[in-house]
file query.txt (compact mmCIF, C-alpha atoms)
# COMPACT_ATOMS: atom_id res chain seq x y z
CA MET A 1 -17.00 -8.85 10.11
CA ASN A 2 -19.35 -8.15 13.02
CA ASP A 3 -16.50 -8.61 15.51
CA LEU A 4 -14.20 -6.29 13.58
CA ALA A 5 -14.99 -3.12 15.51
CA SER A 6 -14.22 -4.72 18.87
CA THR A 7 -11.04 -6.29 17.48
CA PHE A 8 -9.86 -2.95 16.18
CA SER A 9 -10.72 -1.11 19.39
CA LEU A 10 -8.54 -3.58 21.33
CA ASP A 11 -5.77 -4.96 19.13
CA TYR A 12 -5.38 -2.08 16.70
CA SER A 13 -5.34 0.64 19.35
CA ARG A 14 -2.83 -1.35 21.42
CA ASP A 15 -0.54 -2.73 18.70
CA GLY A 16 -1.13 -0.53 15.63
CA PHE A 17 -2.05 -3.51 13.47
CA VAL A 18 -4.49 -6.39 13.05
CA TYR A 19 -4.01 -9.63 11.09
CA PRO A 20 -5.13 -11.82 9.50
CA VAL A 21 -8.36 -10.35 8.15
CA ASP A 22 -10.14 -12.59 5.64
CA ILE A 23 -11.03 -10.49 2.59
CA LEU A 24 -11.01 -12.77 -0.46
CA THR A 25 -11.16 -16.49 -1.03
CA PRO A 26 -7.95 -18.04 -2.39
CA ALA A 27 -9.70 -18.44 -5.75
CA GLU A 28 -10.64 -14.74 -5.80
CA ALA A 29 -7.07 -13.78 -4.91
CA LYS A 30 -5.84 -15.89 -7.83
CA VAL A 31 -8.15 -14.02 -10.21
CA LEU A 32 -6.52 -10.73 -9.15
CA ARG A 33 -3.04 -12.16 -9.46
CA ASP A 34 -3.82 -13.58 -12.90
CA ASP A 35 -5.20 -10.21 -14.02
CA LEU A 36 -2.07 -8.41 -12.83
CA GLU A 37 0.30 -10.89 -14.40
CA ALA A 38 -1.59 -10.85 -17.70
CA GLY A 39 -1.19 -7.06 -17.69
CA GLU A 40 2.51 -7.35 -16.90
CA ALA A 41 2.96 -9.77 -19.79
CA ALA A 42 1.08 -7.49 -22.20
CA LEU A 43 3.34 -4.58 -21.18
CA ALA A 44 6.61 -6.52 -21.29
CA ASP A 45 7.97 -4.12 -23.93
CA ASP A 46 6.73 -0.96 -22.18
CA PRO A 47 8.42 -0.73 -18.78
CA ALA A 48 7.01 2.73 -18.01
CA LYS A 49 3.42 1.53 -18.38
CA ARG A 50 4.22 -1.68 -16.53
CA ALA A 51 5.48 0.37 -13.59
CA LEU A 52 2.26 2.40 -13.60
CA LEU A 53 0.21 -0.80 -13.68
CA ARG A 54 2.03 -2.14 -10.63
CA GLY A 55 1.86 1.20 -8.83
CA TYR A 56 -1.75 2.20 -9.62
CA PRO A 57 -3.66 -1.03 -10.36
CA ALA A 58 -7.04 0.27 -9.15
CA ARG A 59 -6.81 3.11 -11.67
CA LEU A 60 -6.19 0.72 -14.57
CA LEU A 61 -7.80 -2.65 -13.79
CA PRO A 62 -11.51 -2.95 -12.96
CA SER A 63 -10.75 -6.03 -10.85
CA TYR A 64 -8.57 -3.95 -8.51
CA TYR A 65 -11.13 -1.16 -8.38
CA ASP A 66 -13.53 -3.82 -7.13
CA LEU A 67 -10.93 -4.79 -4.50
CA VAL A 68 -10.58 -1.28 -3.04
CA ASN A 69 -14.38 -1.10 -2.88
CA HIS A 70 -14.85 -4.60 -1.46
CA PRO A 71 -17.30 -4.48 1.48
CA LYS A 72 -14.82 -6.20 3.80
CA MET A 73 -12.06 -3.74 2.83
CA ILE A 74 -14.39 -0.79 3.43
CA ALA A 75 -15.56 -2.23 6.75
CA ALA A 76 -11.97 -2.52 7.98
CA ALA A 77 -11.09 1.00 6.84
CA LYS A 78 -14.21 2.47 8.45
CA ALA A 79 -13.45 0.66 11.72
CA VAL A 80 -10.30 2.80 11.93
CA LEU A 81 -11.20 6.01 10.10
CA GLY A 82 -14.94 6.44 10.53
CA PRO A 83 -17.70 6.76 7.93
CA ASP A 84 -15.93 8.91 5.29
CA VAL A 85 -13.15 7.10 3.46
CA MET A 86 -11.01 7.79 0.39
CA VAL A 87 -8.36 5.70 -1.37
CA TRP A 88 -5.07 7.61 -1.36
CA GLY A 89 -3.32 4.93 -3.37
CA SER A 90 -3.09 1.31 -4.43
CA GLY A 91 0.13 -0.41 -5.35
CA HIS A 92 2.11 -3.61 -5.20
CA PHE A 93 5.09 -4.85 -3.28
CA ILE A 94 6.45 -7.67 -5.43
CA LYS A 95 9.44 -9.82 -4.56
CA GLU A 96 10.44 -12.12 -7.36
CA ALA A 97 11.26 -15.73 -6.54
CA ASN A 98 14.66 -16.35 -4.97
CA THR A 99 15.74 -12.72 -4.90
CA THR A 100 17.35 -10.41 -2.38
CA SER A 101 14.71 -7.66 -2.51
CA TYR A 102 13.69 -6.38 0.92
CA VAL A 103 11.95 -3.49 2.67
CA SER A 104 13.91 -1.67 5.39
CA TRP A 105 12.46 -0.58 8.74
CA HIS A 106 10.36 2.52 8.10
CA GLN A 107 7.09 4.38 8.74
CA ASP A 108 4.75 4.73 5.77
CA LEU A 109 3.77 8.36 6.22
CA THR A 110 7.34 9.70 6.24
CA TYR A 111 7.40 11.16 2.72
CA TRP A 112 3.77 11.14 1.60
CA GLY A 113 3.22 14.86 2.12
CA LEU A 114 -0.02 14.42 4.10
CA ASP A 115 -0.85 16.77 6.95
CA LYS A 116 -2.28 14.22 9.40
CA ALA A 117 -2.00 10.54 10.30
CA GLU A 118 -5.60 9.47 9.71
CA GLU A 119 -4.51 6.77 7.28
CA VAL A 120 -4.64 2.99 7.33
CA THR A 121 -3.10 0.43 5.00
CA LEU A 122 -4.74 -2.85 4.07
CA TRP A 123 -2.05 -5.13 2.67
CA VAL A 124 -3.72 -7.97 0.74
CA ALA A 125 -1.72 -11.12 -0.01
CA LEU A 126 -2.07 -12.43 -3.56
CA SER A 127 0.50 -15.16 -2.97
CA PRO A 128 1.62 -16.74 0.31
CA ALA A 129 3.34 -14.21 2.57
CA THR A 130 5.50 -16.38 4.82
CA VAL A 131 8.75 -15.91 6.69
CA ALA A 132 10.53 -17.66 3.81
CA SER A 133 8.91 -15.46 1.16
CA GLY A 134 9.60 -12.22 3.06
CA CYS A 135 6.39 -11.41 4.91
CA MET A 136 6.07 -8.08 6.69
CA ARG A 137 7.33 -7.69 10.25
CA PHE A 138 5.69 -5.23 12.68
CA ILE A 139 6.95 -3.74 15.94
CA PRO A 140 3.84 -3.58 18.18
CA GLY A 141 2.98 -0.24 19.72
CA THR A 142 5.26 1.89 17.55
CA HIS A 143 2.24 3.50 15.88
CA ARG A 144 2.14 5.76 18.92
CA GLU A 145 5.42 7.32 17.78
CA GLN A 146 5.35 10.47 15.70
CA ILE A 147 7.40 10.41 12.50
CA VAL A 148 10.97 9.68 13.56
CA PRO A 149 14.13 10.49 11.54
CA HIS A 150 14.80 8.40 8.44
CA THR A 151 17.90 8.12 6.28
CA ASP A 152 17.72 7.72 2.50
CA LYS A 153 19.95 4.84 1.38
CA PHE A 154 18.72 4.21 -2.19
CA ALA A 155 19.97 0.62 -1.88
CA ASP A 156 19.40 -1.31 -5.09
CA ASP A 157 17.53 -4.18 -3.43
CA ASN A 158 15.34 -1.97 -1.23
CA LEU A 159 11.80 -1.78 -2.61
CA LEU A 160 11.04 1.56 -0.94
CA THR A 161 10.97 4.69 -3.07
CA ARG A 162 14.02 6.31 -1.51
CA GLY A 163 15.39 3.22 0.22
CA GLN A 164 14.50 5.02 3.43
CA GLU A 165 15.47 3.49 6.77
CA LEU A 166 14.65 4.41 10.33
CA ALA A 167 17.52 6.35 11.86
CA VAL A 168 16.62 5.07 15.32
CA GLU A 169 17.35 1.71 16.90
CA VAL A 170 14.80 -1.04 16.30
CA ASN A 171 14.59 -3.97 18.69
CA GLU A 172 13.94 -6.77 16.21
CA ALA A 173 13.36 -9.20 19.05
CA ASP A 174 9.96 -7.51 19.43
CA ALA A 175 9.02 -8.01 15.77
CA VAL A 176 5.91 -9.96 14.79
CA ASP A 177 5.99 -11.98 11.55
CA VAL A 178 2.79 -11.16 9.65
CA VAL A 179 2.11 -14.45 7.87
CA LEU A 180 -0.79 -14.29 5.40
CA GLN A 181 -2.37 -16.70 2.95
CA PRO A 182 -3.72 -15.53 -0.43
CA GLY A 183 -6.85 -13.46 0.13
CA GLN A 184 -5.97 -12.48 3.68
CA ALA A 185 -4.98 -8.95 4.68
CA SER A 186 -3.14 -7.16 7.42
CA VAL A 187 -4.22 -3.71 8.60
CA HIS A 188 -1.63 -1.26 9.91
CA HIS A 189 -1.20 2.35 11.01
CA GLY A 190 0.93 4.76 8.98
CA HIS A 191 3.33 5.37 11.89
CA LEU A 192 3.95 1.68 12.66
CA PHE A 193 7.58 0.49 12.36
CA HIS A 194 7.65 -2.30 9.79
CA ALA A 195 9.97 -4.08 7.37
CA SER A 196 10.29 -7.32 5.41
CA GLY A 197 13.07 -9.65 4.31
CA PRO A 198 14.00 -11.33 1.02
CA ASN A 199 12.02 -14.00 -0.79
CA THR A 200 13.81 -17.35 -0.65
CA THR A 201 10.96 -19.35 -2.22
CA ASN A 202 10.30 -20.44 -5.79
CA ASP A 203 7.20 -18.27 -6.17
CA ARG A 204 6.73 -14.51 -6.39
CA ARG A 205 5.62 -12.81 -3.20
CA ILE A 206 2.88 -10.39 -4.27
CA GLY A 207 0.99 -8.03 -2.00
CA ALA A 208 -1.43 -5.24 -2.89
CA ALA A 209 -1.18 -2.29 -0.50
CA ILE A 210 -4.37 -0.20 -0.40
CA ARG A 211 -4.03 3.13 1.46
CA TYR A 212 -7.20 4.64 2.90
CA ILE A 213 -7.48 8.16 4.34
CA VAL A 214 -10.15 10.55 5.61
CA PRO A 215 -11.28 13.37 3.26
CA SER A 216 -10.25 16.09 5.74
CA MET A 217 -6.58 15.39 5.11
CA LYS A 218 -4.55 17.61 2.81
CA ALA A 219 -1.56 16.87 0.59
CA ARG A 220 1.29 19.18 -0.39
CA SER A 221 0.64 18.11 -3.97
CA GLY A 222 -2.58 20.07 -3.79
CA PRO A 223 -6.15 19.44 -4.90
CA GLU A 224 -5.02 18.06 -8.26
CA THR A 225 -4.06 14.78 -6.58
CA GLU A 226 -6.60 12.19 -7.68
CA MET A 227 -8.51 9.93 -5.27
CA PHE A 228 -11.42 7.54 -5.05
CA LEU A 229 -14.22 8.26 -2.57
CA VAL A 230 -15.33 4.79 -1.43
CA ALA A 231 -17.49 5.51 1.64
CA GLY A 232 -19.47 8.43 3.01
CA GLU A 233 -18.94 11.90 1.58
CA ASP A 234 -16.22 14.44 0.88
CA ARG A 235 -17.10 17.78 2.48
CA TYR A 236 -13.68 19.33 1.93
CA GLY A 237 -12.64 19.18 -1.73
CA HIS A 238 -8.94 18.77 -0.91
CA PHE A 239 -8.49 16.26 -3.74
CA THR A 240 -9.85 15.57 -7.20
CA LEU A 241 -12.34 12.72 -7.10
CA VAL A 242 -12.15 10.29 -10.01
CA ASP A 243 -14.12 7.26 -11.11
CA GLY A 244 -12.78 3.76 -11.49
CA PRO A 245 -11.67 2.38 -14.86
CA LYS A 246 -14.47 1.56 -17.25
CA GLU A 247 -12.28 -0.78 -19.24
CA ARG A 248 -9.07 -2.67 -18.71
CA MET A 249 -5.80 -0.76 -19.21
CA ALA A 250 -7.28 2.05 -21.29
CA GLU A 251 -4.86 4.50 -22.92
CA ALA A 252 -6.70 7.49 -21.48
CA ASP A 253 -6.38 6.03 -17.98
CA PHE A 254 -2.65 5.46 -18.44
CA ALA A 255 -2.23 9.10 -19.48
CA ARG A 256 -4.15 10.42 -16.50
CA VAL A 257 -2.34 8.13 -14.06
CA ALA A 258 1.04 9.18 -15.47
CA ALA A 259 0.21 12.84 -14.80
CA ASP A 260 -0.94 12.04 -11.26
CA ASN A 261 2.22 10.02 -10.68
CA GLU A 262 4.33 13.05 -11.63
CA ARG A 263 2.59 15.15 -8.99
CA ARG A 264 3.00 12.49 -6.32
CA SER A 265 6.64 11.82 -7.21
CA ALA A 266 7.48 15.47 -6.69
CA ILE A 267 6.35 15.06 -3.08
CA LEU A 268 7.87 11.63 -2.49
CA PHE A 269 11.30 12.81 -3.60
CA ASP A 270 11.11 16.27 -2.05
CA GLY A 271 14.52 17.05 -0.53
CA ALA A 272 16.13 13.83 -1.78
CA GLU A 273 19.66 13.93 -3.17
CA GLN A 274 18.61 11.71 -6.05
CA VAL A 275 15.46 10.47 -7.78
CA ARG A 276 15.02 6.81 -8.52
CA ALA A 277 12.93 5.63 -11.44
CA PRO A 278 9.81 3.62 -10.53
CA ARG A 279 10.28 -0.10 -10.09
CA GLN A 280 9.49 -1.80 -13.38
call {"tool": "encode", "arguments": {"input": "query.txt", "output": "structure tokens"}}
result
Amino acid sequence: MNDLASTFSLDYSRDGFVYPVDILTPAEAKVLRDDLEAGEAALADDPAKRALLRGYPARLLPSYYDLVNHPKMIAAAKAVLGPDVMVWGSGHFIKEANTTSYVSWHQDLTYWGLDKAEEVTLWVALSPATVASGCMRFIPGTHREQIVPHTDKFADDNLLTRGQELAVEVNEADAVDVVLQPGQASVHHGHLFHASGPNTTNDRRIGAAIRYIVPSMKARSGPETEMFLVAGEDRYGHFTLVDGPKERMAEADFARVAADNERRSAILFDGAEQVRAPRQ
């Protein structure tokens, strides 16, 4: 990772993204996938908890808490954000095998209720992210845009919360296919235009999206919003700092995550004409 800072200063500042970044070995990525899928199986009869597990894995699985604190993850986040880093969220984008699920062209920070753009996403592949399986596609340089208008579509197959789509023209001829192998990550800016297509393969396409921010940011959901501090210090107190899970899928952790999810959902759906239940 010694060359990471120079890579970010060139590629990231120019394009708004960097990939691939080697984070885990394929075997380590499989351990995470196995842990997630074991949790999904255990919660097969509890769709609400299963949705929380997929949406907040680092709050419920020690293995994912280790991921958000992985030295290579922290090094990449610090290369963009500086020495003080918090985890705003961790969640999955899962496309089941041979399905039509997709992600429309959008900017991440559109509906998050954060006051600045000092955020970076590390998207870690836990299964192959290929063109056939619906890897992400980035439009280089669009991170220099401010938030542009979006339209809420609420399409059934759209994995985004509100099915939001950019209401401006996107030149897809400029798109870069972000192909990743298990254990590799892409790093992208919260204003970058990006999307992904359906999964036409016989395996699930699983990615863990870890969102890092600086402590000086504020959220409309207020200081009750719960975060991890993973590097440096928090001199602002804009969020509630929490510890990682001490045990796997503890009932107390589910209860606390459910309350935090309610606060975040109020922001994510602010102004929407409808509210969609979390993906289960």
call {"tool": "closest_residue", "arguments": {"input": "query.txt", "among": "A:Ser216, A:Thr99, A:Ser127, A:Asn261", "to": "Phe239 (chain A)", "atoms": "all atoms listed in the file"}}
result
A:Ser216
call {"tool": "closest_residue", "arguments": {"input": "query.txt", "among": "A:Asp11, A:Asp174, A:Asp45, A:Asp66", "to": "Leu24 (chain A)", "atoms": "only C-alpha atoms"}}
result
A:Asp66
call {"tool": "atom_distance", "arguments": {"input": "query.txt", "atom1": "CA of Thr110 (chain A)", "atom2": "CA of His143 (chain A)"}}
result
12.5 Å
call {"tool": "residues_near_point", "arguments": {"input": "query.txt", "point": "(0.2, 1.3, -14.1)", "cutoff": "10 Å", "atoms": "only C-alpha atoms", "output": "list of chain:residue names"}}
result
A:Gly39, A:Glu40, A:Leu43, A:Pro47, A:Ala48, A:Lys49, A:Arg50, A:Ala51, A:Leu52, A:Leu53, A:Arg54, A:Gly55, A:Tyr56, A:Pro57, A:Ala58, A:Arg59, A:Leu60, A:Leu61, A:Gly91, A:Met249, A:Asp253, A:Phe254, A:Ala255, A:Val257, A:Ala258, A:Asn261, A:Gln280
call {"tool": "atom_distance", "arguments": {"input": "query.txt", "atom1": "CA of Glu262 (chain A)", "atom2": "CA of Glu224 (chain A)"}}
result
11.1 Å
call {"tool": "closest_residue", "arguments": {"input": "query.txt", "among": "A:Thr240, A:Ser133, A:Gln164, A:Asn98", "to": "Met86 (chain A)", "atoms": "all atoms listed in the file"}}
result
A:Thr240
call {"tool": "atom_distance", "arguments": {"input": "query.txt", "atom1": "CA of Pro71 (chain A)", "atom2": "CA of Asp260 (chain A)"}}
result
26.5 Å
call {"tool": "residues_around", "arguments": {"input": "query.txt", "residues": "Phe193 (chain A)", "least_positions_apart": "6", "cutoff": "6 Å", "atoms": "only C-alpha atoms", "output": "short mmCIF file (atom, residue, chain, number, x, y, z; two decimals) with C-alpha atoms, in the frame of the given file"}}
result
data_model
loop_
_atom_site.label_atom_id
_atom_site.label_comp_id
_atom_site.auth_asym_id
_atom_site.auth_seq_id
_atom_site.Cartn_x
_atom_site.Cartn_y
_atom_site.Cartn_z
CA HIS A 106 10.36 2.52 8.10
CA GLN A 107 7.09 4.38 8.74
CA ILE A 139 6.95 -3.74 15.94
CA THR A 142 5.26 1.89 17.55
#
call {"tool": "residues_around", "arguments": {"input": "query.txt", "residues": "Thr130 (chain A)", "least_positions_apart": "2", "cutoff": "8 Å", "atoms": "all atoms listed in the file", "output": "PyMOL selection string"}}
result
chain A and resi 128+132-135+178-180
call {"tool": "closest_residue", "arguments": {"input": "query.txt", "among": "A:Phe8, A:Tyr64, A:Trp105, A:Tyr19", "to": "Ala77 (chain A)", "atoms": "all atoms listed in the file"}}
result
A:Phe8
call {"tool": "closest_residue", "arguments": {"input": "query.txt", "among": "A:Ala129, A:Ala41, A:Leu268, A:Val124", "to": "Gly197 (chain A)", "atoms": "only C-alpha atoms"}}
result
A:Ala129
call {"tool": "residues_near_point", "arguments": {"input": "query.txt", "point": "(14.4, 8.8, 4.6)", "cutoff": "7 Å", "atoms": "all atoms listed in the file", "output": "ChimeraX atom specification"}}
result
/A:150-152,162,164-165
call {"tool": "closest_residue", "arguments": {"input": "query.txt", "among": "A:Val187, A:Ile206, A:Ala195, A:Leu241", "to": "Trp123 (chain A)", "atoms": "only C-alpha atoms"}}
result
A:Val187
call {"tool": "axis_aligned_box", "arguments": {"input": "query.txt", "around": "region 178-196 of chain A", "padding_each_side": "6 Å", "output": "AutoDock Vina command-line options"}}
result
--center_x 1.7 --center_y -5.7 --center_z 6.1 --size_x 29.1 --size_y 34.1 --size_z 25.1
call {"tool": "decode", "arguments": {"input": "query.txt", "residues": "region 181-221 of chain A", "atoms": "N, CA and C atoms", "output": "PDB file, in the first residue's frame"}}
result
ATOM      1  N   GLN A 181     -12.250  -9.157  -8.593  1.00  0.00           N
ATOM      2  CA  GLN A 181     -12.251 -10.535  -8.111  1.00  0.00           C
ATOM      3  C   GLN A 181     -12.481 -10.537  -6.594  1.00  0.00           C
ATOM      4  N   PRO A 182     -12.946 -11.656  -6.035  1.00  0.00           N
ATOM      5  CA  PRO A 182     -13.206 -11.698  -4.592  1.00  0.00           C
ATOM      6  C   PRO A 182     -11.995 -11.241  -3.781  1.00  0.00           C
ATOM      7  N   GLY A 183     -12.242 -10.295  -2.874  1.00  0.00           N
ATOM      8  CA  GLY A 183     -11.185  -9.727  -2.046  1.00  0.00           C
ATOM      9  C   GLY A 183     -10.666  -8.409  -2.548  1.00  0.00           C
ATOM     10  N   GLN A 184     -10.967  -8.063  -3.805  1.00  0.00           N
ATOM     11  CA  GLN A 184     -10.562  -6.768  -4.338  1.00  0.00           C
ATOM     12  C   GLN A 184     -11.648  -5.725  -4.085  1.00  0.00           C
ATOM     13  N   ALA A 185     -11.233  -4.461  -4.064  1.00  0.00           N
ATOM     14  CA  ALA A 185     -12.166  -3.365  -3.818  1.00  0.00           C
ATOM     15  C   ALA A 185     -12.000  -2.290  -4.871  1.00  0.00           C
ATOM     16  N   SER A 186     -13.073  -1.543  -5.061  1.00  0.00           N
ATOM     17  CA  SER A 186     -12.994  -0.269  -5.766  1.00  0.00           C
ATOM     18  C   SER A 186     -13.223   0.830  -4.739  1.00  0.00           C
ATOM     19  N   VAL A 187     -12.726   2.017  -5.054  1.00  0.00           N
ATOM     20  CA  VAL A 187     -12.829   3.174  -4.169  1.00  0.00           C
ATOM     21  C   VAL A 187     -13.447   4.301  -4.990  1.00  0.00           C
ATOM     22  N   HIS A 188     -14.578   4.862  -4.522  1.00  0.00           N
ATOM     23  CA  HIS A 188     -15.174   5.921  -5.333  1.00  0.00           C
ATOM     24  C   HIS A 188     -15.762   7.048  -4.493  1.00  0.00           C
ATOM     25  N   HIS A 189     -15.821   8.210  -5.113  1.00  0.00           N
ATOM     26  CA  HIS A 189     -16.317   9.455  -4.507  1.00  0.00           C
ATOM     27  C   HIS A 189     -17.844   9.443  -4.481  1.00  0.00           C
ATOM     28  N   GLY A 190     -18.417  10.104  -3.479  1.00  0.00           N
ATOM     29  CA  GLY A 190     -19.864  10.115  -3.312  1.00  0.00           C
ATOM     30  C   GLY A 190     -20.634  10.890  -4.352  1.00  0.00           C
ATOM     31  N   HIS A 191     -19.951  11.675  -5.205  1.00  0.00           N
ATOM     32  CA  HIS A 191     -20.626  12.391  -6.288  1.00  0.00           C
ATOM     33  C   HIS A 191     -20.478  11.699  -7.645  1.00  0.00           C
ATOM     34  N   LEU A 192     -19.699  10.617  -7.694  1.00  0.00           N
ATOM     35  CA  LEU A 192     -19.419   9.954  -8.962  1.00  0.00           C
ATOM     36  C   LEU A 192     -20.686   9.334  -9.546  1.00  0.00           C
ATOM     37  N   PHE A 193     -20.931   9.512 -10.852  1.00  0.00           N
ATOM     38  CA  PHE A 193     -22.032   8.837 -11.534  1.00  0.00           C
ATOM     39  C   PHE A 193     -21.671   7.357 -11.665  1.00  0.00           C
ATOM     40  N   HIS A 194     -22.557   6.492 -11.187  1.00  0.00           N
ATOM     41  CA  HIS A 194     -22.288   5.063 -11.332  1.00  0.00           C
ATOM     42  C   HIS A 194     -23.590   4.268 -11.363  1.00  0.00           C
ATOM     43  N   ALA A 195     -23.493   3.055 -11.888  1.00  0.00           N
ATOM     44  CA  ALA A 195     -24.646   2.178 -12.068  1.00  0.00           C
ATOM     45  C   ALA A 195     -24.128   0.756 -12.212  1.00  0.00           C
ATOM     46  N   SER A 196     -25.040  -0.205 -12.328  1.00  0.00           N
ATOM     47  CA  SER A 196     -24.644  -1.586 -12.618  1.00  0.00           C
ATOM     48  C   SER A 196     -25.833  -2.333 -13.210  1.00  0.00           C
ATOM     49  N   GLY A 197     -25.518  -3.332 -14.043  1.00  0.00           N
ATOM     50  CA  GLY A 197     -26.547  -4.087 -14.742  1.00  0.00           C
ATOM     51  C   GLY A 197     -26.918  -5.376 -14.038  1.00  0.00           C
ATOM     52  N   PRO A 198     -27.757  -6.187 -14.660  1.00  0.00           N
ATOM     53  CA  PRO A 198     -28.235  -7.429 -14.044  1.00  0.00           C
ATOM     54  C   PRO A 198     -27.161  -8.516 -13.995  1.00  0.00           C
ATOM     55  N   ASN A 199     -27.438  -9.520 -13.196  1.00  0.00           N
ATOM     56  CA  ASN A 199     -26.535 -10.655 -13.030  1.00  0.00           C
ATOM     57  C   ASN A 199     -27.037 -11.810 -13.893  1.00  0.00           C
ATOM     58  N   THR A 200     -26.285 -12.126 -14.934  1.00  0.00           N
ATOM     59  CA  THR A 200     -26.686 -13.205 -15.842  1.00  0.00           C
ATOM     60  C   THR A 200     -25.915 -14.499 -15.584  1.00  0.00           C
ATOM     61  N   THR A 201     -25.203 -14.569 -14.452  1.00  0.00           N
ATOM     62  CA  THR A 201     -24.410 -15.757 -14.139  1.00  0.00           C
ATOM     63  C   THR A 201     -25.162 -16.674 -13.193  1.00  0.00           C
ATOM     64  N   ASN A 202     -24.559 -17.813 -12.904  1.00  0.00           N
ATOM     65  CA  ASN A 202     -25.181 -18.810 -12.027  1.00  0.00           C
ATOM     66  C   ASN A 202     -24.775 -18.667 -10.568  1.00  0.00           C
ATOM     67  N   ASP A 203     -24.088 -17.582 -10.229  1.00  0.00           N
ATOM     68  CA  ASP A 203     -23.670 -17.339  -8.851  1.00  0.00           C
ATOM     69  C   ASP A 203     -24.192 -15.979  -8.416  1.00  0.00           C
ATOM     70  N   ARG A 204     -24.385 -15.816  -7.113  1.00  0.00           N
ATOM     71  CA  ARG A 204     -24.771 -14.512  -6.582  1.00  0.00           C
ATOM     72  C   ARG A 204     -23.631 -13.517  -6.797  1.00  0.00           C
ATOM     73  N   ARG A 205     -23.988 -12.264  -7.077  1.00  0.00           N
ATOM     74  CA  ARG A 205     -22.986 -11.213  -7.091  1.00  0.00           C
ATOM     75  C   ARG A 205     -23.131 -10.438  -5.790  1.00  0.00           C
ATOM     76  N   ILE A 206     -22.123 -10.538  -4.921  1.00  0.00           N
ATOM     77  CA  ILE A 206     -22.186  -9.965  -3.582  1.00  0.00           C
ATOM     78  C   ILE A 206     -21.069  -8.951  -3.414  1.00  0.00           C
ATOM     79  N   GLY A 207     -21.436  -7.742  -3.048  1.00  0.00           N
ATOM     80  CA  GLY A 207     -20.456  -6.714  -2.727  1.00  0.00           C
ATOM     81  C   GLY A 207     -20.797  -6.059  -1.409  1.00  0.00           C
ATOM     82  N   ALA A 208     -19.785  -5.781  -0.611  1.00  0.00           N
ATOM     83  CA  ALA A 208     -19.957  -5.069   0.656  1.00  0.00           C
ATOM     84  C   ALA A 208     -19.490  -3.635   0.459  1.00  0.00           C
ATOM     85  N   ALA A 209     -20.410  -2.689   0.639  1.00  0.00           N
ATOM     86  CA  ALA A 209     -20.099  -1.268   0.461  1.00  0.00           C
ATOM     87  C   ALA A 209     -19.869  -0.629   1.821  1.00  0.00           C
ATOM     88  N   ILE A 210     -18.630  -0.209   2.071  1.00  0.00           N
ATOM     89  CA  ILE A 210     -18.264   0.423   3.332  1.00  0.00           C
ATOM     90  C   ILE A 210     -18.095   1.917   3.074  1.00  0.00           C
ATOM     91  N   ARG A 211     -18.849   2.747   3.812  1.00  0.00           N
ATOM     92  CA  ARG A 211     -18.866   4.199   3.594  1.00  0.00           C
ATOM     93  C   ARG A 211     -18.092   4.881   4.716  1.00  0.00           C
ATOM     94  N   TYR A 212     -17.021   5.550   4.367  1.00  0.00           N
ATOM     95  CA  TYR A 212     -16.190   6.262   5.332  1.00  0.00           C
ATOM     96  C   TYR A 212     -16.403   7.770   5.188  1.00  0.00           C
ATOM     97  N   ILE A 213     -16.427   8.474   6.316  1.00  0.00           N
ATOM     98  CA  ILE A 213     -16.572   9.928   6.321  1.00  0.00           C
ATOM     99  C   ILE A 213     -15.607  10.540   7.326  1.00  0.00           C
ATOM    100  N   VAL A 214     -15.488  11.875   7.290  1.00  0.00           N
ATOM    101  CA  VAL A 214     -14.701  12.582   8.300  1.00  0.00           C
ATOM    102  C   VAL A 214     -15.621  12.980   9.458  1.00  0.00           C
ATOM    103  N   PRO A 215     -15.097  13.054  10.685  1.00  0.00           N
ATOM    104  CA  PRO A 215     -15.940  13.367  11.847  1.00  0.00           C
ATOM    105  C   PRO A 215     -16.564  14.756  11.826  1.00  0.00           C
ATOM    106  N   SER A 216     -16.034  15.675  11.029  1.00  0.00           N
ATOM    107  CA  SER A 216     -16.582  17.038  11.008  1.00  0.00           C
ATOM    108  C   SER A 216     -17.919  17.121  10.290  1.00  0.00           C
ATOM    109  N   MET A 217     -18.295  16.085   9.567  1.00  0.00           N
ATOM    110  CA  MET A 217     -19.567  16.112   8.860  1.00  0.00           C
ATOM    111  C   MET A 217     -20.731  16.041   9.848  1.00  0.00           C
ATOM    112  N   LYS A 218     -21.872  16.529   9.398  1.00  0.00           N
ATOM    113  CA  LYS A 218     -23.094  16.464  10.191  1.00  0.00           C
ATOM    114  C   LYS A 218     -24.175  15.764   9.374  1.00  0.00           C
ATOM    115  N   ALA A 219     -25.138  15.177  10.091  1.00  0.00           N
ATOM    116  CA  ALA A 219     -26.275  14.531   9.441  1.00  0.00           C
ATOM    117  C   ALA A 219     -27.570  15.144   9.954  1.00  0.00           C
ATOM    118  N   ARG A 220     -28.577  15.223   9.074  1.00  0.00           N
ATOM    119  CA  ARG A 220     -29.859  15.762   9.495  1.00  0.00           C
ATOM    120  C   ARG A 220     -30.532  14.869  10.525  1.00  0.00           C
ATOM    121  N   SER A 221     -30.091  13.617  10.610  1.00  0.00           N
ATOM    122  CA  SER A 221     -30.654  12.719  11.612  1.00  0.00           C
ATOM    123  C   SER A 221     -30.106  12.994  13.003  1.00  0.00           C
TER     124      SER A 221
END
